[in-house]
$ cat final-v1.txt   # compact mmCIF, C-alpha atoms
# COMPACT_ATOMS: atom_id res chain seq x y z
CA MET A 81 28.15 67.36 -36.81
CA THR A 82 29.72 64.47 -35.00
CA GLY A 83 30.23 66.21 -31.73
CA PRO A 84 30.80 64.43 -28.44
CA VAL A 85 28.00 62.19 -27.24
CA PRO A 86 25.89 63.96 -24.66
CA PRO A 87 26.87 62.89 -21.12
CA LYS A 88 23.33 61.75 -20.36
CA THR A 89 23.64 58.97 -22.99
CA ARG A 90 27.06 57.88 -21.71
CA ILE A 91 25.73 57.51 -18.13
CA SER A 92 22.78 55.60 -19.41
CA ARG A 93 25.03 53.13 -21.25
CA ALA A 94 27.20 52.61 -18.21
CA THR A 95 24.15 52.00 -16.09
CA ARG A 96 22.78 49.54 -18.61
CA LEU A 97 26.11 47.70 -18.63
CA ARG A 98 26.14 47.49 -14.85
CA LEU A 99 22.54 46.30 -14.82
CA GLY A 100 23.38 43.71 -17.42
CA VAL A 101 26.27 42.38 -15.36
CA LEU A 102 24.06 42.28 -12.26
CA ALA A 103 21.34 40.46 -14.16
CA ALA A 104 23.85 37.90 -15.43
CA ILE A 105 25.21 37.34 -11.92
CA GLY A 106 21.63 37.00 -10.64
CA ALA A 107 20.75 34.46 -13.32
CA ALA A 108 23.92 32.45 -12.65
CA THR A 109 23.14 32.43 -8.92
CA LEU A 110 19.59 31.27 -9.61
CA VAL A 111 20.80 28.43 -11.80
CA ALA A 112 23.43 27.42 -9.25
CA CYS A 113 21.07 27.50 -6.29
CA GLY A 114 17.73 26.76 -7.97
CA PRO A 115 14.88 25.28 -5.99
CA ASP A 116 15.77 22.95 -3.15
CA THR A 117 12.83 20.57 -3.52
CA PHE A 118 11.67 18.59 -6.55
CA GLU A 119 8.47 16.60 -6.64
CA ILE A 120 9.01 13.39 -8.56
CA PRO A 121 6.60 10.59 -9.50
CA ILE A 122 7.67 7.11 -8.43
CA GLU A 123 6.34 3.59 -8.83
CA THR A 124 7.07 1.29 -5.94
CA PRO A 125 7.16 -2.33 -7.11
CA ILE A 126 5.69 -4.74 -4.59
CA ARG A 127 6.54 -8.39 -4.95
CA PRO A 128 3.70 -10.89 -4.53
CA LYS A 129 3.15 -12.29 -1.06
CA LEU A 130 2.72 -15.78 -2.48
CA ASP A 131 5.04 -17.74 -4.72
CA VAL A 132 2.63 -18.90 -7.40
CA SER A 133 5.31 -19.87 -9.92
CA ALA A 134 4.22 -23.52 -9.65
CA PHE A 135 0.78 -22.68 -11.05
CA GLN A 136 -0.29 -21.72 -14.52
CA ARG A 137 -3.97 -21.59 -13.74
CA VAL A 138 -6.18 -20.19 -11.03
CA LEU A 139 -9.67 -21.27 -10.01
CA ILE A 140 -11.78 -18.70 -8.19
CA ALA A 141 -14.00 -21.39 -6.75
CA GLY A 142 -16.59 -19.49 -4.77
CA PHE A 143 -17.17 -17.96 -1.36
CA VAL A 144 -19.23 -18.63 1.70
CA ALA A 145 -21.16 -15.39 1.60
CA GLY A 146 -23.66 -13.71 3.86
CA GLY A 147 -25.11 -10.47 5.11
CA SER A 148 -27.19 -8.28 2.84
CA GLU A 149 -29.78 -10.07 0.74
CA ASP A 150 -29.80 -7.27 -1.82
CA LEU A 151 -27.08 -8.93 -3.86
CA ASP A 152 -25.54 -12.32 -4.47
CA THR A 153 -22.19 -11.63 -2.81
CA ASN A 154 -20.75 -15.01 -3.83
CA GLN A 155 -21.48 -14.48 -7.54
CA GLU A 156 -20.37 -10.85 -7.55
CA THR A 157 -17.10 -11.57 -5.75
CA VAL A 158 -16.21 -14.44 -8.06
CA ARG A 159 -17.03 -12.37 -11.16
CA LEU A 160 -15.04 -9.36 -9.96
CA LEU A 161 -11.93 -11.31 -8.91
CA ARG A 162 -11.90 -13.34 -12.12
CA SER A 163 -12.03 -10.22 -14.28
CA GLN A 164 -9.30 -8.53 -12.20
CA LEU A 165 -7.04 -11.56 -12.46
CA ARG A 166 -7.62 -11.83 -16.21
CA ASN A 167 -6.38 -8.27 -16.64
CA LYS A 168 -3.68 -8.05 -14.02
CA SER A 169 -2.15 -11.48 -13.56
CA SER A 170 -0.21 -13.88 -15.70
CA LEU A 171 -2.27 -16.82 -14.38
CA LYS A 172 -4.91 -18.27 -16.67
CA VAL A 173 -8.31 -17.91 -15.05
CA ILE A 174 -10.47 -21.03 -15.20
CA ASP A 175 -14.04 -20.44 -16.34
CA ALA A 176 -16.20 -22.67 -14.21
CA ASP A 177 -19.54 -22.49 -12.50
CA VAL A 178 -19.46 -20.61 -9.24
CA MET A 179 -19.44 -23.15 -6.43
CA PRO A 180 -22.30 -22.81 -3.90
CA LEU A 181 -19.97 -23.24 -0.95
CA LEU A 182 -22.66 -22.56 1.63
CA ASP A 183 -24.63 -25.59 0.43
CA ILE A 184 -21.48 -27.68 -0.01
CA ALA A 185 -20.41 -26.96 3.56
CA GLN A 186 -23.85 -27.91 4.86
CA ASP A 187 -23.81 -31.15 2.86
CA GLN A 188 -20.39 -32.01 4.24
CA ASN A 189 -21.62 -31.26 7.73
CA ARG A 190 -24.70 -33.46 7.33
CA THR A 191 -22.58 -36.30 5.94
CA ALA A 192 -20.09 -35.99 8.78
CA ASN A 193 -22.87 -36.02 11.37
CA GLY A 194 -24.62 -38.94 9.63
CA ASN A 195 -21.43 -40.99 9.66
CA ALA A 196 -20.85 -40.18 13.31
CA ALA A 197 -24.40 -41.22 14.21
CA GLU A 198 -24.01 -44.46 12.27
CA GLU A 199 -20.79 -45.25 14.10
CA VAL A 200 -22.51 -44.64 17.43
CA ALA A 201 -25.34 -46.97 16.44
CA VAL A 202 -22.93 -49.70 15.30
CA SER A 203 -20.91 -49.39 18.51
CA ALA A 204 -24.07 -49.70 20.60
CA SER A 205 -25.36 -52.75 18.69
CA VAL A 206 -22.11 -54.70 19.16
CA GLY A 207 -22.14 -53.86 22.85
CA ASN A 208 -18.98 -51.80 22.68
CA GLY A 209 -19.77 -49.07 25.12
CA SER A 210 -16.55 -47.15 24.58
CA GLY A 211 -17.33 -45.59 21.12
CA ALA A 212 -15.34 -42.52 22.14
CA GLY A 213 -14.45 -41.42 18.64
CA ALA A 214 -18.04 -41.51 17.47
CA SER A 215 -20.01 -40.10 20.35
CA PRO A 216 -22.72 -37.55 19.56
CA ALA A 217 -20.59 -35.02 21.44
CA ASN A 218 -18.02 -35.34 18.67
CA GLN A 219 -20.51 -34.46 16.00
CA ALA A 220 -19.84 -31.30 14.05
CA LEU A 221 -21.81 -28.28 15.24
CA PRO A 222 -24.77 -27.40 13.02
CA LEU A 223 -24.12 -24.71 10.45
CA PRO A 224 -26.43 -21.70 10.45
CA GLN A 225 -28.67 -21.68 7.36
CA ARG A 226 -28.39 -17.93 6.97
CA ILE A 227 -25.24 -15.94 7.68
CA LYS A 228 -25.95 -12.65 9.35
CA ASP A 229 -22.70 -11.86 11.13
CA GLU A 230 -19.13 -13.03 11.72
CA LYS A 231 -20.20 -15.48 14.40
CA ASP A 232 -22.38 -17.31 11.88
CA LEU A 233 -19.40 -17.62 9.56
CA GLU A 234 -17.07 -19.23 12.09
CA PRO A 235 -18.38 -22.83 11.78
CA TYR A 236 -17.92 -22.65 8.02
CA GLU A 237 -14.16 -22.20 8.43
CA ARG A 238 -13.68 -25.97 8.65
CA LEU A 239 -14.66 -26.26 4.99
CA PHE A 240 -11.32 -24.67 4.06
CA ALA A 241 -9.43 -27.15 6.22
CA ASN A 242 -10.99 -30.11 4.38
CA VAL A 243 -7.81 -31.05 2.53
CA SER A 244 -9.26 -34.11 0.76
CA TYR A 245 -12.17 -32.09 -0.62
CA TRP A 246 -9.94 -29.36 -2.06
CA LYS A 247 -7.50 -31.94 -3.40
CA ARG A 248 -10.37 -33.53 -5.27
CA ILE A 249 -11.41 -30.15 -6.69
CA GLY A 250 -7.77 -29.58 -7.64
CA GLU A 251 -7.62 -32.89 -9.51
CA GLU A 252 -10.83 -32.02 -11.33
CA TYR A 253 -9.29 -28.80 -12.69
CA GLN A 254 -5.71 -30.07 -13.26
CA ASN A 255 -4.11 -28.78 -10.07
CA PRO A 256 -4.65 -25.03 -10.19
CA LEU A 257 -4.23 -22.48 -7.47
CA ILE A 258 -7.64 -22.32 -5.77
CA VAL A 259 -8.99 -19.08 -4.36
CA THR A 260 -11.91 -19.28 -1.98
CA GLY A 261 -12.94 -17.84 1.39
CA THR A 262 -15.76 -15.97 3.05
CA VAL A 263 -17.42 -12.65 2.28
CA LEU A 264 -19.69 -10.83 4.65
CA PHE A 265 -21.44 -7.73 3.33
CA THR A 266 -23.71 -6.22 5.94
CA PRO A 267 -25.74 -3.03 6.27
CA HIS A 268 -24.38 -0.72 8.90
CA SER A 269 -25.52 2.52 10.50
CA SER A 270 -23.93 4.91 12.90
CA ALA A 271 -24.77 8.18 14.57
CA GLY A 272 -22.44 10.70 16.09
CA PHE A 273 -20.49 13.88 15.57
CA VAL A 274 -18.62 14.18 12.31
CA GLN A 275 -16.37 16.93 11.07
CA ARG A 276 -17.12 18.40 7.69
CA ASP A 277 -16.14 21.51 5.77
CA GLN A 278 -18.67 24.30 5.58
CA GLU A 279 -18.59 27.21 3.13
CA VAL A 280 -18.78 30.62 4.79
CA PHE A 281 -19.20 34.02 3.09
CA ASP A 282 -18.20 37.23 4.86
CA GLN A 283 -19.86 40.65 4.47
CA LEU A 284 -17.83 41.34 1.35
CA GLY A 285 -18.94 38.08 -0.22
CA ARG A 286 -15.56 36.39 0.17
CA ARG A 287 -15.77 32.63 0.42
CA SER A 288 -13.90 30.58 2.98
CA VAL A 289 -14.16 27.03 4.24
CA ARG A 290 -14.10 26.07 7.88
CA PRO A 291 -14.44 22.73 9.65
CA VAL A 292 -17.71 22.24 11.50
CA ARG A 293 -18.64 19.39 13.83
CA THR A 294 -22.22 18.25 13.35
CA TYR A 295 -24.31 15.40 14.62
CA MET A 296 -25.21 13.05 11.80
CA GLU A 297 -27.02 9.83 11.33
CA ARG A 298 -25.34 7.78 8.67
CA LYS A 299 -25.91 4.44 7.07
CA GLY A 300 -23.92 2.29 4.72
CA PHE A 301 -22.25 -1.09 4.52
CA VAL A 302 -19.37 -3.08 5.95
CA LEU A 303 -17.47 -5.56 3.79
CA ARG A 304 -15.45 -8.30 5.50
CA PRO A 305 -13.82 -10.66 3.03
CA LYS A 306 -11.39 -13.42 3.85
CA PHE A 307 -9.42 -14.77 0.92
CA VAL A 308 -8.10 -18.32 1.26
CA PHE A 309 -5.46 -19.55 -1.21
CA ILE A 310 -5.34 -23.33 -1.57
CA ASP A 311 -2.75 -25.46 -3.35
CA GLY A 312 -4.82 -27.53 -5.79
CA ARG A 313 -2.15 -30.25 -5.85
CA THR A 314 -2.36 -30.99 -2.13
CA GLY A 315 -5.58 -29.35 -0.98
CA ALA A 316 -3.69 -27.51 1.74
CA THR A 317 -4.16 -23.83 2.56
CA MET A 318 -1.14 -21.83 1.44
CA TYR A 319 -2.15 -18.44 2.73
CA SER A 320 -5.17 -16.48 3.88
CA GLU A 321 -5.88 -12.86 4.62
CA SER A 322 -8.84 -10.95 6.04
CA TYR A 323 -9.94 -7.38 5.45
CA ARG A 324 -12.56 -4.98 6.69
CA GLU A 325 -13.79 -1.92 4.85
CA GLU A 326 -16.80 0.25 5.56
CA ILE A 327 -18.61 3.05 3.83
CA LEU A 328 -21.16 5.40 5.35
CA TYR A 329 -23.48 7.88 3.71
CA ASN A 330 -25.86 10.50 4.95
CA ALA A 331 -28.95 8.68 6.23
CA GLN A 332 -31.14 10.48 3.67
CA GLN A 333 -28.98 9.31 0.78
CA ASN A 334 -30.18 6.14 -0.86
CA THR A 335 -27.17 4.30 -2.27
CA PRO A 336 -27.78 0.88 -3.85
CA ALA A 337 -26.08 -2.05 -2.14
CA LEU A 338 -24.38 -3.10 -5.38
CA SER A 339 -22.60 0.21 -5.92
CA SER A 340 -21.47 0.26 -2.28
CA TYR A 341 -20.19 -3.28 -2.68
CA PHE A 342 -18.13 -2.31 -5.73
CA GLU A 343 -16.81 0.80 -4.07
CA LEU A 344 -15.59 -1.25 -1.10
CA MET A 345 -14.17 -4.03 -3.26
CA ASP A 346 -12.35 -1.42 -5.31
CA ARG A 347 -10.35 -0.54 -2.19
CA LEU A 348 -9.52 -4.18 -1.47
CA VAL A 349 -8.70 -5.50 -4.90
CA PRO A 350 -5.10 -4.12 -4.97
CA ASN A 351 -4.42 -6.01 -1.73
CA PHE A 352 -5.89 -9.19 -3.16
CA LEU A 353 -3.86 -8.86 -6.35
CA SER A 354 -0.67 -8.13 -4.44
CA ALA A 355 -0.89 -11.64 -3.00
CA LEU A 356 -0.61 -13.18 -6.45
CA SER A 357 1.20 -10.82 -8.77
CA SER A 358 3.71 -8.03 -8.46
CA GLN A 359 2.13 -4.61 -8.32
CA LYS A 360 3.40 -1.11 -8.91
CA ILE A 361 2.09 1.48 -6.53
CA LYS A 362 2.20 4.97 -7.98
CA GLY A 363 2.98 7.99 -5.84
CA THR A 364 5.07 11.11 -5.57
CA ARG A 365 8.01 11.92 -3.35
CA ILE A 366 10.10 15.02 -2.74
CA LEU A 367 13.75 15.01 -3.72
CA LEU A 368 15.95 17.42 -1.77
CA LYS A 369 19.12 19.24 -2.70
CA MET B 46 49.20 39.64 20.92
CA SER B 47 48.83 37.18 23.82
CA ARG B 48 45.03 37.16 23.29
CA GLY B 49 45.35 36.48 19.59
CA LEU B 50 47.58 33.46 20.01
CA PRO B 51 44.95 30.94 21.28
CA VAL B 52 42.59 32.03 18.51
CA LEU B 53 45.30 31.39 15.96
CA ILE B 54 46.01 27.97 17.47
CA VAL B 55 42.30 27.03 17.38
CA LEU B 56 42.05 28.18 13.78
CA ALA B 57 45.16 26.24 12.88
CA VAL B 58 43.72 23.07 14.41
CA LEU B 59 40.08 23.39 13.32
CA GLY B 60 40.60 25.23 10.07
CA PRO B 61 41.72 22.33 7.90
CA ALA B 62 39.08 20.03 9.39
CA SER B 63 36.22 22.44 8.74
CA LEU B 64 37.57 23.17 5.28
CA ALA B 65 37.64 19.45 4.53
CA ALA B 66 34.06 19.10 5.78
CA ALA B 67 32.96 22.00 3.61
CA ASP B 68 34.69 20.39 0.65
CA ALA B 69 32.98 17.06 1.29
CA ARG B 70 29.57 18.73 1.53
CA SER B 71 30.26 20.68 -1.64
CA ASP B 72 31.27 17.50 -3.53
CA ALA B 73 28.30 15.64 -2.11
CA LYS B 74 25.98 18.47 -3.15
CA SER B 75 27.11 18.28 -6.74
CA GLN B 76 26.56 14.49 -6.71
CA VAL B 77 23.07 15.03 -5.29
CA ALA B 78 22.25 17.70 -7.89
CA PHE B 79 23.42 15.45 -10.70
CA GLY B 80 21.45 12.55 -9.23
CA ILE B 81 18.30 14.67 -9.23
CA SER B 82 18.74 15.64 -12.87
CA VAL B 83 19.17 12.00 -13.97
CA ALA B 84 16.32 10.76 -11.78
CA GLN B 85 14.04 13.32 -13.42
CA ARG B 86 14.91 11.68 -16.72
CA GLY B 87 14.09 8.25 -15.34
CA LEU B 88 17.69 7.07 -14.91
CA TRP B 89 17.21 5.78 -11.40
CA ARG B 90 20.20 3.43 -11.29
CA GLU B 91 22.54 6.26 -12.19
CA ALA B 92 20.83 8.39 -9.56
CA ILE B 93 21.41 5.66 -6.96
CA TYR B 94 25.10 5.56 -7.88
CA ARG B 95 25.36 9.36 -7.44
CA TRP B 96 23.48 9.47 -4.15
CA GLU B 97 25.40 6.52 -2.74
CA LYS B 98 28.56 8.50 -3.52
CA ALA B 99 27.06 11.58 -1.89
CA VAL B 100 26.34 9.82 1.41
CA GLU B 101 29.79 8.27 1.31
CA LEU B 102 31.37 11.70 0.86
CA ASP B 103 29.22 13.32 3.52
CA PRO B 104 27.50 10.89 5.90
CA SER B 105 25.74 13.79 7.64
CA TYR B 106 23.88 14.94 4.52
CA ALA B 107 20.21 14.21 5.25
CA ALA B 108 18.94 15.27 1.80
CA ALA B 109 21.23 12.74 0.13
CA PHE B 110 19.88 9.94 2.34
CA ASN B 111 16.32 11.08 1.58
CA ASP B 112 16.94 11.00 -2.19
CA LEU B 113 18.69 7.66 -1.96
CA ALA B 114 15.74 6.23 -0.02
CA ILE B 115 13.34 7.41 -2.74
CA ALA B 116 15.46 5.78 -5.45
CA TYR B 117 15.68 2.51 -3.50
CA GLU B 118 11.91 2.63 -3.05
CA HIS B 119 11.40 3.12 -6.77
CA GLU B 120 13.65 0.13 -7.45
CA GLY B 121 11.79 -2.07 -4.98
CA LEU B 122 14.74 -2.25 -2.55
CA LEU B 123 12.47 -1.69 0.38
CA ASP B 124 14.80 -2.69 3.23
CA LYS B 125 17.48 -0.35 1.96
CA ALA B 126 14.89 2.39 1.44
CA ARG B 127 13.70 2.09 5.04
CA LYS B 128 17.25 2.29 6.40
CA SER B 129 18.02 5.36 4.32
CA TYR B 130 14.80 7.09 5.38
CA GLU B 131 15.56 6.29 9.01
CA LYS B 132 19.03 7.79 8.63
CA ALA B 133 17.63 10.92 6.95
CA VAL B 134 15.08 11.38 9.74
CA GLU B 135 17.78 10.80 12.36
CA LEU B 136 19.96 13.51 10.78
CA GLU B 137 17.12 16.01 10.31
CA PRO B 138 14.24 15.05 12.59
CA ASN B 139 12.35 18.28 11.91
CA ASN B 140 12.50 18.19 8.14
CA ALA B 141 8.86 18.04 7.03
CA GLU B 142 9.60 16.78 3.50
CA ILE B 143 11.70 13.87 4.72
CA ARG B 144 9.06 12.93 7.28
CA GLN B 145 6.33 13.10 4.64
CA ASN B 146 8.28 10.86 2.26
CA PHE B 147 8.92 8.37 5.04
CA GLU B 148 5.27 8.34 6.10
CA LEU B 149 4.15 7.62 2.53
CA PHE B 150 6.70 4.83 2.29
CA LYS B 151 5.51 3.29 5.55
CA GLU B 152 1.88 3.55 4.46
CA ILE B 153 2.60 1.45 1.36
CA ASN B 154 4.49 -1.10 3.41
CA ASP B 155 1.72 -1.38 5.96
CA ARG B 156 -0.90 -1.69 3.23
CA THR B 157 0.89 -4.44 1.41
CA GLY B 158 1.47 -6.32 4.66
CA SER B 159 4.09 -8.97 4.31
CA ALA B 160 5.34 -7.73 0.95
CA LYS B 161 8.77 -9.19 0.54
CA ASP B 162 11.91 -7.34 -0.34
CA LYS B 163 13.99 -8.24 -3.32
CA ASN B 164 17.20 -7.02 -1.67
$ encode --input "final-v1.txt" --output "structure tokens"
Amino acid sequence: MTGPVPPKTRISRATRLRLGVLAAIGAATLVACGPDTFEIPIETPIRPKLDVSAFQRVLIAGFVAGGSEDLDTNQETVRLLRSQLRNKSSLKVIDADVMPLLDIAQDQNRTANGNAAEEVAVSASVGNGSGAGASPANQALPLPQRIKDEKDLEPYERLFANVSYWKRIGEEYQNPLIVTGTVLFTPHSSAGFVQRDQEVFDQLGRRSVRPVRTYMERKGFVLRPKFVFIDGRTGATMYSESYREEILYNAQQNTPALSSYFELMDRLVPNFLSALSSQKIKGTRILLK
Amino acid sequence: MSRGLPVLIVLAVLGPASLAAADARSDAKSQVAFGISVAQRGLWREAIYRWEKAVELDPSYAAAFNDLAIAYEHEGLLDKARKSYEKAVELEPNNAEIRQNFELFKEINDRTGSAKDKN
């Protein structure tokens, strides 16, 4: 009844044992070697470009804005930056009316020119021909009423250098950090060859994608903001930075100016915030064995 | 016999050196592997300690410099990160992963302009 085990079974057991040992060695080797690359998420902390530790409050005063008339770039920029700073900065954002800096700059210019003209008149009436400091040649250049391009913005730059004006604004709001600057949002169009991916199906219906160069007419917008950071205690400019972003769509596509503006600002906001508060930039890297 | 003698001499001279190098790489590899496992659990400071040891043990180990650079980057030690990436690229100029990591690092630095280091 309990005769010897048939040889076939014995061989089979031996083979199984050998296979088992091989499998164990294989598994151990796999664990020891494993993959050589590991993708890992990281967050790079970026320290702020500006030391704003002396300020508890920030005033987004307003911007000299120009370009497209489809939106009020000054209002939109102030609203957007205030809401971003409320969420992503430890500074308290001051709620104040948006300053019409275009008009303020023009008023300052008129006053400066009026004073200069008066001085010239006084010099002439007292027979003092010298009047060098108050000659009409020294009058400030007129400011363009409407800003269409960067050239129109240039004369407005002197508004940010008016230390006494910004010091007065600072005093009015208890010495905050003041953020101001210029924003130019202009329509833009371009035509030329662009590369895009095109779906191709072969005879068997298999889909593939290949790059194709086609001539396209595109239109969109260019956003050129310059952010100026002013110390409200002294009125002096602490730091300024300029950016340029553009977006282009197919000429047939009708994208509202406001959504293009927000899309472009969305790209710039992290840079703006990185001037004031530390940021963490998320990404992935590859660790190697 | 006479032909075998120079070979034996060379082996006698180079043998211990190459064995020592192999040992150093092996020790460094285990530090790197341990560093990876702790980094994956978010223990970046421990990972830095391990990878600093690894590059000390084997200063020709590009992967260790790459990993160290990533950890420095994560900790905001951007000057140190750049130096480690540069060393990794110098050791293995054709390693695509190292180059990609370094490019991403440089992109962030360029984007944030004058972002200061807290080294």
$ closest_residue --input "final-v1.txt" --among "A:Phe118, A:Tyr329, A:Tyr236, A:Tyr245" --to "chain B" --atoms "only C-alpha atoms"
A:Phe118
$ closest_atom_pairs --input "final-v1.txt" --of "chain A" --to "chain B" --cutoff "8 Å" --atoms "only C-alpha atoms" --output "tab-separated table"
residue	atom	partner	partner_atom	distance
A:Ile120	CA	B:Gln85	CA	7.0
A:Ile122	CA	B:His119	CA	5.7
A:Glu123	CA	B:His119	CA	5.5
A:Thr124	CA	B:His119	CA	4.8
A:Pro125	CA	B:Gly121	CA	5.1
A:Ile126	CA	B:Ala160	CA	6.3
A:Arg127	CA	B:Lys161	CA	6.0
A:Pro128	CA	B:Ala160	CA	6.5
A:Lys129	CA	B:Ala160	CA	5.4
A:Asn351	CA	B:Thr157	CA	6.4
A:Ser354	CA	B:Thr157	CA	7.1
A:Ile361	CA	B:Ile153	CA	7.9
A:Arg365	CA	B:Asn146	CA	5.7
A:Ile366	CA	B:Glu142	CA	6.5
A:Leu367	CA	B:Asp112	CA	5.3
A:Leu368	CA	B:Ala108	CA	5.1
A:Lys369	CA	B:Ala108	CA	6.0
$ atom_distance --input "final-v1.txt" --atom1 "CA of Leu161 (chain A)" --atom2 "CA of Phe240 (chain A)"
18.6 Å
$ atom_distance --input "final-v1.txt" --atom1 "CA of Asp155 (chain B)" --atom2 "CA of Gln164 (chain A)"
22.4 Å
$ residues_around --input "final-v1.txt" --residues "Pro256 (chain A)" --least-positions-apart "5" --cutoff "12 Å" --atoms "only C-alpha atoms" --output "list in words"
Val132, Ser133, Ala134, Phe135, Gln136, Arg137, Val138, Leu139, Ile140, Ala141, Leu171, Lys172, Val173, Ile174, Trp246, Lys247, Arg248, Ile249, Gly250, Glu251, Phe309, Ile310, Asp311, Gly312, Arg313, Thr314 and Gly315 of chain A
$ atom_distance --input "final-v1.txt" --atom1 "CA of Arg298 (chain A)" --atom2 "CA of Asn330 (chain A)"
4.6 Å
$ closest_residue --input "final-v1.txt" --among "A:Asp183, A:Gly142, A:Ser320, A:Phe265" --to "Phe342 (chain A)" --atoms "all atoms listed in the file"
A:Phe265
$ residues_around --input "final-v1.txt" --residues "Pro104 (chain B)" --least-positions-apart "6" --cutoff "10 Å" --atoms "all atoms listed in the file" --output "number ranges by chain"
B: 69-70, 73, 97-98, 110, 132-133, 136
$ closest_residue --input "final-v1.txt" --among "B:Asp68, B:Arg144, B:Asp124, B:Glu131" --to "Asp103 (chain B)" --atoms "all atoms listed in the file"
B:Asp68
$ residues_around --input "final-v1.txt" --residues "Ala145 (chain A)" --least-positions-apart "5" --cutoff "12 Å" --atoms "all atoms listed in the file" --output "PyMOL selection string"
chain A and resi 151-158+179-183+185+225-230+232-234+236-237+260-266+303-307
$ build_atoms --input "final-v1.txt" --residues "region 126-144 of chain A" --atoms "N, CA and C atoms" --output "compact mmCIF listing (two decimals), in the coordinates of the input"
# COMPACT_ATOMS: atom_id res chain seq x y z
N ILE A 126 5.93 -3.87 -5.75
CA ILE A 126 5.69 -4.74 -4.59
C ILE A 126 5.66 -6.17 -5.08
N ARG A 127 6.51 -6.98 -4.52
CA ARG A 127 6.54 -8.39 -4.95
C ARG A 127 5.36 -9.14 -4.35
N PRO A 128 4.88 -10.17 -5.06
CA PRO A 128 3.70 -10.89 -4.53
C PRO A 128 4.00 -11.57 -3.20
N LYS A 129 2.97 -11.66 -2.38
CA LYS A 129 3.15 -12.29 -1.06
C LYS A 129 3.29 -13.80 -1.20
N LEU A 130 2.72 -14.33 -2.28
CA LEU A 130 2.72 -15.78 -2.48
C LEU A 130 3.58 -16.14 -3.67
N ASP A 131 4.30 -17.24 -3.56
CA ASP A 131 5.04 -17.74 -4.72
C ASP A 131 4.09 -18.64 -5.50
N VAL A 132 3.59 -18.12 -6.62
CA VAL A 132 2.63 -18.90 -7.40
C VAL A 132 3.27 -19.42 -8.69
N SER A 133 4.60 -19.47 -8.69
CA SER A 133 5.31 -19.87 -9.92
C SER A 133 4.99 -21.32 -10.32
N ALA A 134 4.53 -22.11 -9.34
CA ALA A 134 4.22 -23.52 -9.65
C ALA A 134 2.88 -23.67 -10.37
N PHE A 135 2.12 -22.59 -10.44
CA PHE A 135 0.78 -22.68 -11.05
C PHE A 135 0.70 -21.87 -12.34
N GLN A 136 -0.02 -22.48 -13.29
CA GLN A 136 -0.29 -21.72 -14.52
C GLN A 136 -1.74 -21.23 -14.53
N ARG A 137 -2.55 -21.88 -13.71
CA ARG A 137 -3.97 -21.59 -13.74
C ARG A 137 -4.50 -21.30 -12.33
N VAL A 138 -5.57 -20.52 -12.31
CA VAL A 138 -6.18 -20.19 -11.03
C VAL A 138 -7.69 -20.44 -11.12
N LEU A 139 -8.22 -21.04 -10.08
CA LEU A 139 -9.67 -21.27 -10.01
C LEU A 139 -10.23 -20.42 -8.87
N ILE A 140 -11.05 -19.44 -9.23
CA ILE A 140 -11.78 -18.70 -8.19
C ILE A 140 -13.03 -19.53 -7.96
N ALA A 141 -12.99 -20.34 -6.92
CA ALA A 141 -14.00 -21.39 -6.75
C ALA A 141 -15.35 -20.81 -6.34
N GLY A 142 -15.35 -20.02 -5.31
CA GLY A 142 -16.59 -19.49 -4.77
C GLY A 142 -16.34 -19.08 -3.32
N PHE A 143 -17.33 -18.47 -2.72
CA PHE A 143 -17.17 -17.96 -1.36
C PHE A 143 -18.38 -18.30 -0.51
N VAL A 144 -18.12 -18.51 0.76
CA VAL A 144 -19.23 -18.63 1.70
C VAL A 144 -19.63 -17.19 2.00
